[in-house]
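Worksheet for the structure shown next.
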Amino acid sequence: MKAAITVRQLKKTYEEGAAGTLALRGVDLDAHKGELLLLMGPSGSGKTTLLSIMGCILTATSGSVQVAGREVVGLREKDLPALRLEHIGFVFQGFNLFPTLTAGENVELMLDLKGISAAGAKKRAQELLDQVGLGGKYGSFPSDLSGGQKQRVAIARALAGDPGIILADEPTAALDSHTGRTVMEMMSDLAHKRGRAVVIVTHDSRVMNFADRIVRIEDGAIAPAPEPDLLPPGMVAHNLSQATMCLV
Amino acid sequence: MPPLAQRNLFHDKVRLAVTLTGIVFSVVLIVVQLGLFIGFTTATSNLIDHSGADLWITSKNVPYVEQGVAFSERKLNQVRAVPGVADAQKIIAHWTQWKRHDGGEDSVQIVGINVDDSLERPWNLVQGRVEDLKSPDAIILDDLYKQKLGVTRVGEVFEIGGHRARVVGFTHGIRSFTTSPYVFTSFKNAQNYTAVREDQTLFILVKLAPGANLPQVRRQLLDRVKDVEVFTTAQFSRMTTFYWMFTTGAGVAVLIAAALGLVVGFVVVAQTIYATTMDHIREYGTLKAMGAPNSYVYRVIMKQAAISAVIGYALGMIVSIFVVRGSQAGGAAILMPPSMAVGMFFLTLLMCVGAALVSINKVTRIDPAMVFKG
C-alpha cells in the first residue's frame, strides 16, 4: 500500500516554562491509502499531538513528515492552510459544526474554501449529505440534529474537500454505541471503498474491530507490538518497522 | 461564501442591539457636533458671504467683521476712482442696544446698507421689501429672534441706541453666531443707532467690473487708499470664521465633542465585535484547521463590521435628520450638507472596520490546534 503520510523520527517539544515538555520522542509511522489506522494510548501520551502534526496543524520540532509526498516540516506557517485544504479532512470529537449555519451550509463552507461556485457548492453539499444519509436535513441547524447526525454532517464536510486523508479525533466519544458504530462504518467505507487514508485517535475500545492497524502511543513513543495471538480475530498484524500494533 | 458573518451577527440579538446603539450614538453625536461646527462657521461669516462684494476695505488691524473700526467715508471716492471698481458702497456692522417693550435690553448688531445698491442686502425675506428700509427708522430683522427681541409683527416700534426703530419686514434663517441678532437698516439710520459719526463708515464693499483682475485691483487700492486693509471676501470670511471658531475656542470645543463621539463609537463597536469574535473563536479555529487562510477569516469579521456600519449609519442618519430639522427653529442651526452625509458613511465604515482590527489581531493568533482540545 502507498503511504499517504510518512512520519520519521518525529519529535515535538512544547516550550513551557524553563524546561520544555517532550511530547513526541522520535516517532516513525506510515498511514496508507485504503487503510483505517487507530492511534490509541492513555491521556497525555502524545497521540493528539501526533495527529495535529500529521494534519499540518502543529509544527514539529524535528524529524520528517511527508503528506502526499511533500515534506511539511520546515514549511512556513502560512503555507500549511493550503496543504490542509488540499489533502486533509478533519472530523472532531465535538463535531465543530458552525451553529449558525444549516447542515447544508456547513458543508458548503468547505466547498467555498475550495473555490467552488455557490451554485456548484449547493449541489455538491446536497450530494454529500445524501451520501451520509442526511439528504433531508439540508436546512436543519446543528441544534436540531442528534449527535450522530452532527457527526455525519461533519464527515460530509470533511469529504467536501475531496481529501486523500481523513484525520479524526475521538469521533465516537460523544456518541452512543449504535450511533458510534454507524459513524465507524462510514469511516471504514471511506478507507476500504473509497481509498482514503483514515487515521483515528481514540480511547474507545468498541471501535477496534474496524481497524486495519492499531498503533499504541505511550509517553510520546510507539509502544512495542503485542503478540499476534492477542490481536482481535481477523486483524492483520502489519510487520512495519516503524509502526507497532498493540492492543490495550 | 455561506452567510457566516450575517448569521453570527444576527444570532445574538442583544449584542447586535448594543453594537447598533453604539454606532447610532456615535453617528448622531458626530453629525450634531460637526453640524453645529458647520452651522457656527456659516453663521460667523454669514454677512460677508452674502455681501455680494468682491473686496472688503477695513481700517488697519481689523481681525473680524464684528470688530470694525470707523474711518473717513471720503475714502469711498478714492476707492471708486480705482480702475476696475464697478461699484463701492459704505456699510456699517456694529453692536448697539435694543430696548424691548418690557424695558429690558438686548444687544443687536446693526447692519447699515445703501438700500438702492445691490451690496449686503438682507436675503431670505419672508415679509416686507428691502426698499421699505428707505422709510425713516425702518428696520428688518430675522423672525428667529422675534421672541428674544419681543417683536410680534411688522409695524411695531422699538428703540435702538436711543432712537426710534420701526419693524418693516422679516427675513428667515439669518443667524448670528453671537447672541446679538442682525438688524438691517439704511446706512443713515445705522449711523444714528450706533456711535459712528456722520462722515465715517466701518467698511467699504467693492464690486469689480466684469473682467477686472482682482489681485491687481486690490494692489491698486492698497497703493491709493491709505491706512486701510483690503481683503478679498473669501479672505475676510476665513479671518472672521477663524477668530470665532478657533481664537475663542468655541469651534475647538465642538470639534473635540465630535472626536469624542468617534472614540465612543469606536470603543463600543470594538468591544462588541471583539466579544462576538470571542464567542465564535472556536469556529474560527475550526475554519483555520479546515484550511481557511487568515484572509478568509478576516473577511468574515470585516463583513460583520461592515454590515453593522451600514445598519448603524442608516439608523443614525434617520435620528440625525430629525435632530437637524428640529434645530432649524432654534438659534443654533445644525447643518448637514450632502457631502457631510456621504463623508459620515465612510467615517462610520472606517470606524467599524478599524474597531474590527482588534478582533482580527486576536484571530490571527488563534492556534488551529485548539480544535483538538476538548
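Residue numbers start at 1 in each chain; chains themselves are named A, B, ... in the order of the C-alpha cells; ligands are numbered from 1 in the order shown.
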Tell me, counting only C-alpha atoms, for each residue of chain A within 10 Å of chain B, which pair of atoms is nearest and how far apart they are in Å to one decimal, in rows ordered by chain and increasing number, as CSV.
```
residue,atom,partner,partner_atom,distance
A:Thr48,CA,B:Phe372,CA,7.2
A:Thr49,CA,B:Ala369,CA,8.7
A:Leu51,CA,B:Phe372,CA,9.2
A:Ser52,CA,B:Ala369,CA,6.6
A:Ile53,CA,B:Ala369,CA,9.2
A:Gly55,CA,B:Ala289,CA,8.6
A:Cys56,CA,B:Ala289,CA,8.7
A:Ile57,CA,B:Ala369,CA,5.8
A:Leu58,CA,B:Ala369,CA,6.4
A:Lys78,CA,B:Pro293,CA,7.7
A:Asp79,CA,B:Pro293,CA,9.1
A:Leu80,CA,B:Gly291,CA,7.7
A:Pro81,CA,B:Gly291,CA,4.1
A:Ala82,CA,B:Gly291,CA,5.9
A:Leu83,CA,B:Gly291,CA,7.4
A:Arg84,CA,B:Gly291,CA,5.1
A:Leu85,CA,B:Gly291,CA,4.4
A:Glu86,CA,B:Gly291,CA,8.1
A:His87,CA,B:Gly291,CA,9.7
A:Ile88,CA,B:Met290,CA,8.0
A:Gly89,CA,B:Met290,CA,7.1
A:Phe90,CA,B:Met290,CA,7.0
A:Val91,CA,B:Phe372,CA,9.8
A:Phe92,CA,B:Phe372,CA,7.0
A:Gln93,CA,B:Gly374,CA,7.6
A:Gly94,CA,B:Gly374,CA,7.4
A:Phe95,CA,B:Val371,CA,9.7
A:Asn96,CA,B:Thr286,CA,6.7
A:Leu97,CA,B:Glu283,CA,7.6
A:Phe98,CA,B:Glu283,CA,6.3
A:Pro99,CA,B:Glu283,CA,8.9
A:Thr100,CA,B:Arg7,CA,5.6
A:Leu101,CA,B:Leu4,CA,6.7
A:Thr102,CA,B:Pro2,CA,9.7
A:Gly104,CA,B:Pro2,CA,9.6
A:Glu105,CA,B:Pro2,CA,6.0
A:Asn106,CA,B:Pro2,CA,8.1
A:Val107,CA,B:Pro2,CA,9.5
A:Glu108,CA,B:Pro2,CA,6.8
A:Leu109,CA,B:Pro2,CA,5.9
A:Met110,CA,B:Met290,CA,7.4
A:Leu111,CA,B:Met1,CA,9.1
A:Asp112,CA,B:Met1,CA,5.8
A:Leu113,CA,B:Ala292,CA,6.3
A:Lys114,CA,B:Ala292,CA,9.0
A:Gly115,CA,B:Met1,CA,9.4
A:Ile116,CA,B:Met1,CA,9.7
A:Ser117,CA,B:Met1,CA,8.9
A:Ala118,CA,B:Met1,CA,7.2
A:Ala121,CA,B:Met1,CA,9.7
A:Lys122,CA,B:Pro2,CA,9.8
A:Arg157,CA,B:Met290,CA,9.5
A:Ala158,CA,B:Met290,CA,8.3
A:Gly161,CA,B:Met290,CA,9.2
A:Ala168,CA,B:Phe372,CA,9.6
A:Asp169,CA,B:Phe372,CA,6.9
A:Glu170,CA,B:Phe372,CA,9.3
```
Close residues, Pro63 of chain B itself excluded, 8 Å, only C-alpha atoms, min 2 positions apart in chain, as a PDB file with C-alpha atoms, in the first residue's frame:
```
ATOM      1  CA  ASN B  61      -5.799  95.667  12.175  1.00  0.00           C
ATOM      2  CA  VAL B  65     -16.285  91.736  10.891  1.00  0.00           C
ATOM      3  CA  GLN B  67     -14.599  94.438  15.231  1.00  0.00           C
ATOM      4  CA  MET B 239     -10.460  85.527   9.125  1.00  0.00           C
ATOM      5  CA  THR B 240     -13.806  86.057  10.820  1.00  0.00           C
ATOM      6  CA  TYR B 243     -11.430  84.179  15.006  1.00  0.00           C
TER       7      TYR B 243
END
```
Find, counting only C-alpha atoms, the residue in B:Glu156, B:Asp132, B:Glu105, B:Asp54 that gets nearest to Phe236 of chain B.
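Among the listed residues, the smallest separation from Phe236 of chain B belongs to B:Asp54.
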Restricting the calculation to only C-alpha atoms, which member of B:Arg129, B:Lys146, B:His101, B:His163 is positioned closest to Tyr182 of chain B?
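Once distances to Tyr182 of chain B are computed over only C-alpha atoms, the minimum belongs to B:Lys146.
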Using backbone DSSP assignments, extract all alpha helix (DSSP H) residues from segment 176-317 of chain B; output them as number ranges by chain.
B: 187-193, 214-224, 233-242, 250-279, 281-290, 294-317
Close residues, Leu357 of chain B itself excluded, 10 Å, only C-alpha atoms, min 6 positions apart in chain, as an MDAnalysis selection string:
chainID B and resid 270 273:274 298 301:302 305 363
For the residues in the current selection, export C-alpha atoms as a CSV table (one decimal), in the first residue's frame.
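Written file, again.csv:
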```csv
chain,number,residue,atom,x,y,z
B,270,ALA,CA,-14.6,47.3,19.1
B,273,ILE,CA,-17.3,42.9,17.8
B,274,TYR,CA,-14.5,41.6,20.0
B,298,TYR,CA,-10.7,38.4,8.3
B,301,ILE,CA,-15.1,39.6,10.7
B,302,MET,CA,-14.9,42.6,8.3
B,305,ALA,CA,-18.2,45.1,10.9
B,363,VAL,CA,-8.0,35.8,15.3
```
Any idea what's packed within 10 Å of Val183 of chain A, counting only C-alpha atoms, ignoring anything in its chain fewer than 4 positions away? Could you give it as a ChimeraX atom specification?
/A:132,148-149,151-152,155,171-172,175,177-179,187-189,207
Writing out the chosen residues with N, CA and C atoms as a PDB file, in the first residue's frame:
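part07.pdb was written with the following content:
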```
ATOM      1  N   VAL A 132     -24.285  10.602   3.273  1.00  0.00           N
ATOM      2  CA  VAL A 132     -24.219  10.237   4.702  1.00  0.00           C
ATOM      3  C   VAL A 132     -25.618  10.027   5.293  1.00  0.00           C
ATOM      4  N   GLY A 148     -25.279  11.852  16.467  1.00  0.00           N
ATOM      5  CA  GLY A 148     -24.856  11.046  15.314  1.00  0.00           C
ATOM      6  C   GLY A 148     -25.036  11.800  14.008  1.00  0.00           C
ATOM      7  N   GLN A 149     -26.149  12.526  13.925  1.00  0.00           N
ATOM      8  CA  GLN A 149     -26.402  13.313  12.696  1.00  0.00           C
ATOM      9  C   GLN A 149     -25.359  14.423  12.547  1.00  0.00           C
ATOM     10  N   GLN A 151     -22.313  14.333  13.628  1.00  0.00           N
ATOM     11  CA  GLN A 151     -21.032  13.769  13.213  1.00  0.00           C
ATOM     12  C   GLN A 151     -21.072  13.378  11.735  1.00  0.00           C
ATOM     13  N   ARG A 152     -22.250  12.964  11.272  1.00  0.00           N
ATOM     14  CA  ARG A 152     -22.349  12.625   9.845  1.00  0.00           C
ATOM     15  C   ARG A 152     -22.226  13.881   8.982  1.00  0.00           C
ATOM     16  N   ILE A 155     -18.658  14.590   8.815  1.00  0.00           N
ATOM     17  CA  ILE A 155     -17.980  13.701   7.851  1.00  0.00           C
ATOM     18  C   ILE A 155     -18.234  14.200   6.415  1.00  0.00           C
ATOM     19  N   PRO A 171     -13.879  10.410  17.244  1.00  0.00           N
ATOM     20  CA  PRO A 171     -15.142  10.704  16.535  1.00  0.00           C
ATOM     21  C   PRO A 171     -16.369  10.042  17.150  1.00  0.00           C
ATOM     22  N   THR A 172     -16.143   9.033  18.013  1.00  0.00           N
ATOM     23  CA  THR A 172     -17.301   8.328  18.592  1.00  0.00           C
ATOM     24  C   THR A 172     -17.483   8.645  20.075  1.00  0.00           C
ATOM     25  N   LEU A 175     -20.848   9.810  21.234  1.00  0.00           N
ATOM     26  CA  LEU A 175     -21.989   9.111  20.636  1.00  0.00           C
ATOM     27  C   LEU A 175     -22.308   7.826  21.391  1.00  0.00           C
ATOM     28  N   SER A 177     -23.403   3.754  21.507  1.00  0.00           N
ATOM     29  CA  SER A 177     -22.703   2.676  20.806  1.00  0.00           C
ATOM     30  C   SER A 177     -23.272   2.434  19.406  1.00  0.00           C
ATOM     31  N   HIS A 178     -24.586   2.515  19.289  1.00  0.00           N
ATOM     32  CA  HIS A 178     -25.190   2.257  17.974  1.00  0.00           C
ATOM     33  C   HIS A 178     -24.782   3.344  16.968  1.00  0.00           C
ATOM     34  N   THR A 179     -24.877   4.602  17.412  1.00  0.00           N
ATOM     35  CA  THR A 179     -24.523   5.716  16.523  1.00  0.00           C
ATOM     36  C   THR A 179     -23.027   5.691  16.218  1.00  0.00           C
ATOM     37  N   MET A 187     -16.561   5.559   8.328  1.00  0.00           N
ATOM     38  CA  MET A 187     -15.113   5.784   8.267  1.00  0.00           C
ATOM     39  C   MET A 187     -14.430   4.601   7.581  1.00  0.00           C
ATOM     40  N   SER A 188     -14.931   3.413   7.910  1.00  0.00           N
ATOM     41  CA  SER A 188     -14.358   2.203   7.315  1.00  0.00           C
ATOM     42  C   SER A 188     -14.584   2.197   5.802  1.00  0.00           C
ATOM     43  N   ASP A 189     -15.794   2.586   5.406  1.00  0.00           N
ATOM     44  CA  ASP A 189     -16.095   2.652   3.959  1.00  0.00           C
ATOM     45  C   ASP A 189     -15.182   3.647   3.253  1.00  0.00           C
ATOM     46  N   VAL A 207     -14.313   0.465  18.941  1.00  0.00           N
ATOM     47  CA  VAL A 207     -14.093   0.711  17.502  1.00  0.00           C
ATOM     48  C   VAL A 207     -12.930  -0.113  16.954  1.00  0.00           C
TER      49      VAL A 207
END
```
Work out how far apart atom CA of Lys11 of chain A and atom CA of Ala191 of chain A are and give it in Å to one decimal.
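For atom CA of Lys11 of chain A relative to atom CA of Ala191 of chain A, the distance reads 27.6 Å.
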Which residues, written as a list of chain:residue names, have at least one atom at most 9 Å from Gly74 of chain A, with only C-alpha atoms counted and residues fewer than 4 positions away on the same chain left out?
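Once the adjacent positions are removed, what remains is A:Thr59, A:Ala60, A:Ser62, A:Ser64.
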